[in-house]
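> Okay, handing you the structure first.
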Amino acid sequence: MGWAMSDENKSGDDALLKEIRDYCDEAIKADSHNRMPAVADLQFLVGEQWPDEIKRQRQLENRPCLTFNRLPTFLHQVTNDQRQNKPGIKTHPVDSGADIKRSEINQGIIRHIEYISNADIAYDTAVNSAAAIGFGFWRLITEYESPTSFDQVIKYQRIRDALKVFPDPASVEADGSDQKRCAIICDVPRKEFKREYPDADMATATAMGLLGQQVQPGWMDDKYVRVVEYYYFEYKKRTLCMLTDGSVKFKDELTDADVQMLDADGKPQERVSQIPQLMWCKATAGAIIERTKIMCRWIPVFPVWGNEVDIQGKVYRSGIIRDAKDPAQMYNFWMTSATEEVSLRPKSPFIGAEGQFEDHEEDWGQANNRSFAYLEYKPVALNGTLAPPPQRSPMADVPVGMLQMAMHASDNIKAVTGLFDSSLGARSNATSGVQERAQQRQGDTANFHYTDNLNRSIRHCGRCLIDMIPHYYDAKRVVRLMKEDGTIDSAEVNVQKVDPITQQVTETLNDLTVGTYDVTVSTGPSYSTLREEASEAMVAVAGDFPKLMEVAGDLVIESMDWPGAEKIAERLRKTMPAELTKEGDADGEEGPPPLPPEIEQALQNADKMVDQLQQQLQEAQSGLEKARIDAESREEVARINAQGKADAEEIKGMIQMLVAKMQPPPVLAAKALDTEDSRSTASQAEEPSANGPTGEMPGS
């Protein structure tokens, strides 16, 4: 990577570097009221739940400091519910330039992108972070398909540390679609930075001093170098013109054939338009390391927000941990206090009469600390009555009040998170299954906004994918597609057909650069889960309704996933009536479409002609039987047969011509052939047998 540049480029880079530094400092200050509590929330989530002062004091006094970390269970209840309902992006054609075929190809490409780049992990990480601290992110990146290819592919990239992302503070849309700038900040150790970017000499502190630039603390020190990935837009002014045919073109693209529309004053209708170009660069405080264009209308960094409150323009974001911290600390305190009181109470002493421990004082003194096989004592009489042996005094009661306060703290955790016993899998106070399911839905409803915010961002991510695919998949290539059932397919896209004479492109097959498409998000169980549920339901129905196996047994077996199910279904299908195993019926579709009227009329005429020929043959057979036909009669029969065959061939040719013209379903050809075979069979039945007596028909 070369760093020599002209004065103009150097001046432009200096302005961009100053913009990056200013933006990062502005974004850090604007969101500091969310970042610092988020760090505390994460520390609390991993178990650091006691205040430092109290923890140090208890350690000095050798007192217990117990932590009962219940919050991960509540967090996983929210995020794992989302994992069970996998979201998916679906494409739909919008304008006249789009079609179903290209929409299916786009759909397959998106599924394959999600598959190869583990989009589900990116979604799960983002929503888990949003539920924990109030915000999470993922993004789209591009890279070359292989080290030996110029074809680029789009991939998901999860962002594990959401605190590194600083979206546009001016953005107000829930999916981040209105961002104009965005930064991903990472503090890289100096040794690692020099190993990864050996030519980036401009990033050193010495270079910054030579440039005479002042930077805020944190950008560079003896241990770390701050590296920023910065998304921004560059704008180019272009004049947009209205043409007389209603279309628009930029002025620098007009040809001699284009005629501009005039306004009331006779001036051409045109206006200046700002054309945005999304840019990405990687930089330090003093140097641009990498830079490229991103062919997308939006910044491909997608936020997932948690709880969001706007107070006079200052937005506060949080997850379920924020409000559950105080009840969790309360629970830890009361449970620790109850444990401490029981464990630190003096052990119950032995009580005996004076003189009973004489000569055995050492053993009785260690009775609370050691286990003895037996303890001896001296019998002592009091007023002439023998005193009973020494006995241990009863232990103090369990601190019920402290445990009651701990239970109140536990209930408070459930109240602030919206997750109660039924949502956590514990037995609740519900008296019926319906009531228990209603209580479970209460927990899902209380935290549904995390999943809903995720779906909004996924929908925007789908729009970005649809916008990027025509640019990064614009050349002739074979793309891999993934179907809904998880099978991998491929398709050749952007294939140009060239006229051999004019050598001009006449058509482009699977042109991904044409058409406008929209996206929606579907949420529900995965395809394999739906397949298992469908299989279980069909087996249950077959048990209650055995006739189902007679009419749809092949489909029931085919839906199962054990080895050999498809082969068994195929064999079972062969034993079923043909009308039940037609492809249309098997696929749940209607049968073949009705024949056109011309074909129906031709078939009717053919049937009538065949009937006439059969009648003539019957009349000939009757006359020949009576007169015991001679050679002339046999010639007459042969002539009738030849004429019948010629007429049948003529009918067959007429039907084939109509079939080719109208292109009806394949059923027609089979019907025509059946008609010919039946007539031919009848004709053969009338011919005299070579083995019969001379001048006689078989059976005469």
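In the structure tokens, each chain is lettered A, B, ... as it comes, each chain's residues begin at 1, and ligands are numbered from 1 in order of appearance.
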Check the DSSP output for the backbone and give back, as a PyMOL selection string, the residues of segment 340-369 of chain A in helix (DSSP H, G or I).
chain A and resi 340-344+361-365
> Save the residues we just selected, N, CA and C atoms, as a compact mmCIF listing (two decimals), in the first residue's frame?

```txt
# COMPACT_ATOMS: atom_id res chain seq x y z
N GLU A 340 -25.73 -15.79 56.87
CA GLU A 340 -24.75 -15.35 57.87
C GLU A 340 -25.28 -15.55 59.29
N GLU A 341 -26.55 -15.21 59.52
CA GLU A 341 -27.10 -15.33 60.86
C GLU A 341 -27.13 -16.77 61.33
N VAL A 342 -27.52 -17.67 60.43
CA VAL A 342 -27.59 -19.08 60.83
C VAL A 342 -26.20 -19.66 61.03
N SER A 343 -25.26 -19.34 60.13
CA SER A 343 -23.94 -19.95 60.19
C SER A 343 -23.07 -19.36 61.29
N LEU A 344 -23.28 -18.07 61.63
CA LEU A 344 -22.42 -17.42 62.62
C LEU A 344 -22.98 -17.47 64.03
N GLU A 361 -13.20 -32.88 80.90
CA GLU A 361 -13.41 -31.52 80.38
C GLU A 361 -12.89 -31.35 78.95
N GLU A 362 -11.76 -31.97 78.63
CA GLU A 362 -11.17 -31.77 77.29
C GLU A 362 -12.08 -32.33 76.19
N ASP A 363 -12.66 -33.51 76.42
CA ASP A 363 -13.54 -34.09 75.40
C ASP A 363 -14.80 -33.26 75.22
N TRP A 364 -15.43 -32.85 76.33
CA TRP A 364 -16.66 -32.06 76.21
C TRP A 364 -16.37 -30.66 75.61
N GLY A 365 -15.17 -30.16 75.84
CA GLY A 365 -14.82 -28.85 75.27
C GLY A 365 -14.69 -28.87 73.75
```
> Excluding Ser103 of chain A and any residue of its chain fewer than 5 positions from it, enumerate the residues within 9 Å of it, using only C-alpha atoms, and give them as a list in words.
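Skipping anything fewer than 5 positions along the chain leaves Thr91, His92, Pro93, Ala98, Gly108, Leu512 and Tyr517 of chain A.
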> Considering only C-alpha atoms, return as a list in words whatever protein or nucleic-acid residues lie within 12 Å of Arg271 of chain A, sequence-local ones (same chain, fewer than 4 positions apart) excluded.
Lys237, Arg238, Thr239, Leu240, Cys241, Met242, Val248, Lys249, Phe250, Lys251 and Lys267 of chain A
> Next, dump the selected residues to file, keeping only N, CA and C atoms, as a PDB file, in the first residue's frame.

```
ATOM      1  N   LYS A 237     -23.396  17.000  -7.500  1.00  0.00           N
ATOM      2  CA  LYS A 237     -24.495  17.753  -8.106  1.00  0.00           C
ATOM      3  C   LYS A 237     -24.645  17.378  -9.577  1.00  0.00           C
ATOM      4  N   ARG A 238     -25.891  17.037  -9.973  1.00  0.00           N
ATOM      5  CA  ARG A 238     -26.188  16.728 -11.365  1.00  0.00           C
ATOM      6  C   ARG A 238     -27.530  17.361 -11.722  1.00  0.00           C
ATOM      7  N   THR A 239     -27.663  17.798 -12.954  1.00  0.00           N
ATOM      8  CA  THR A 239     -28.883  18.450 -13.410  1.00  0.00           C
ATOM      9  C   THR A 239     -29.830  17.411 -13.990  1.00  0.00           C
ATOM     10  N   LEU A 240     -31.039  17.349 -13.434  1.00  0.00           N
ATOM     11  CA  LEU A 240     -32.049  16.395 -13.859  1.00  0.00           C
ATOM     12  C   LEU A 240     -33.026  17.084 -14.805  1.00  0.00           C
ATOM     13  N   CYS A 241     -33.318  16.470 -15.963  1.00  0.00           N
ATOM     14  CA  CYS A 241     -34.160  17.075 -16.995  1.00  0.00           C
ATOM     15  C   CYS A 241     -35.425  16.241 -17.206  1.00  0.00           C
ATOM     16  N   MET A 242     -36.543  16.942 -17.447  1.00  0.00           N
ATOM     17  CA  MET A 242     -37.808  16.296 -17.780  1.00  0.00           C
ATOM     18  C   MET A 242     -37.969  16.281 -19.295  1.00  0.00           C
ATOM     19  N   VAL A 248     -37.279  11.006 -17.360  1.00  0.00           N
ATOM     20  CA  VAL A 248     -36.285  11.961 -16.875  1.00  0.00           C
ATOM     21  C   VAL A 248     -34.897  11.420 -17.183  1.00  0.00           C
ATOM     22  N   LYS A 249     -33.972  12.332 -17.413  1.00  0.00           N
ATOM     23  CA  LYS A 249     -32.575  11.995 -17.647  1.00  0.00           C
ATOM     24  C   LYS A 249     -31.705  13.091 -17.079  1.00  0.00           C
ATOM     25  N   PHE A 250     -30.477  12.704 -16.731  1.00  0.00           N
ATOM     26  CA  PHE A 250     -29.516  13.716 -16.328  1.00  0.00           C
ATOM     27  C   PHE A 250     -28.995  14.437 -17.572  1.00  0.00           C
ATOM     28  N   LYS A 251     -28.671  15.686 -17.375  1.00  0.00           N
ATOM     29  CA  LYS A 251     -28.315  16.528 -18.517  1.00  0.00           C
ATOM     30  C   LYS A 251     -27.086  16.012 -19.244  1.00  0.00           C
ATOM     31  N   LYS A 267     -38.902  27.756 -20.766  1.00  0.00           N
ATOM     32  CA  LYS A 267     -37.590  27.276 -20.341  1.00  0.00           C
ATOM     33  C   LYS A 267     -37.652  25.759 -20.113  1.00  0.00           C
TER      34      LYS A 267
END
```
> Write out as a VMD selection string which residues come within 8 Å of segment 395-409 of chain A when counting only C-alpha atoms, dropping same-chain ones fewer than 6 positions away.
chain A and resid 327 to 328 330 to 332 334 to 335 337 to 338 341 to 342 347 to 348
> Any idea what the distance is between atom CA of Ser149 of chain A and atom CA of Arg477 of chain A?
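These two atoms are separated by 11.3 Å.
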> I'd like the neighbourhood of segment 22-25 of chain A as JSON, numbers by chain, where a residue qualifies if any of its atoms comes within 12 Å (using only C-alpha atoms), though same-chain residues fewer than 2 positions away should be ignored.
{"A": [15, 16, 17, 18, 19, 20, 27, 28, 29, 30, 31, 32, 164, 165, 166, 167, 168, 169, 170, 180, 181, 182, 183, 184, 185, 186, 214, 215, 216, 217, 218, 219, 226, 227, 228, 229, 230, 231, 232, 283, 284, 285]}
> Hey, what does DSSP flag as strand (DSSP E or B) within segment 320-487 of chain A? Can you give it to me as a list in words?
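Strand (DSSP E or B) assignments inside segment 320-487 of chain A correspond to Phe350, Ile351, Ala381, Leu382, Thr385, Leu386, Gln391, Arg392, Arg477, Val478, Val479, Arg480, Leu481 and Met482 of chain A.
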> Store the residues of this selection in a file with C-alpha atoms, as a compact mmCIF listing (two decimals), in the first residue's frame.

```txt
# COMPACT_ATOMS: atom_id res chain seq x y z
CA PHE A 350 -24.35 -28.95 76.21
CA ILE A 351 -26.12 -28.47 79.51
CA ALA A 381 -27.11 -36.93 92.48
CA LEU A 382 -29.02 -33.79 93.37
CA THR A 385 -31.94 -37.92 92.94
CA LEU A 386 -29.65 -38.92 90.06
CA GLN A 391 -28.07 -32.57 76.80
CA ARG A 392 -27.60 -30.08 73.90
CA ARG A 477 -21.78 -15.86 -13.34
CA VAL A 478 -23.21 -18.92 -11.67
CA VAL A 479 -24.73 -18.09 -8.30
CA ARG A 480 -25.64 -20.54 -5.59
CA LEU A 481 -29.21 -20.50 -4.34
CA MET A 482 -30.79 -21.99 -1.26
```
> Pick from A:Asn69, A:Gln59, A:Asn369, A:Ser247: nearest to Lys325 of chain A, with only C-alpha atoms counted?
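Ranking A:Asn69, A:Gln59, A:Asn369, A:Ser247 by distance to Lys325 of chain A, first place goes to A:Asn69.
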> Under the rule that only C-alpha atoms are counted, which of A:Met560, A:Ile289, A:Ile413, A:Ala40 is the nearest residue to Phe193 of chain A?
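Ranking A:Met560, A:Ile289, A:Ile413, A:Ala40 by distance to Phe193 of chain A, first place goes to A:Ile289.
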> Please, what distance in Å, to one decimal, runs between atom CA of Met538 of chain A and atom CA of Val556 of chain A?
6.2 Å
> Which is closer to Glu143 of chain A than all the others in A:Asn510, A:Ser129, A:Thr73, A:Gln157, using only C-alpha atoms?
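Closest to Glu143 of chain A, using only C-alpha atoms: A:Gln157.
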> Between A:Thr244, A:Ser318, A:Asn118, A:Asn62, which has the minimum distance to Val39 of chain A (counting only C-alpha atoms)?
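Closest residue, counting only C-alpha atoms: A:Ser318.
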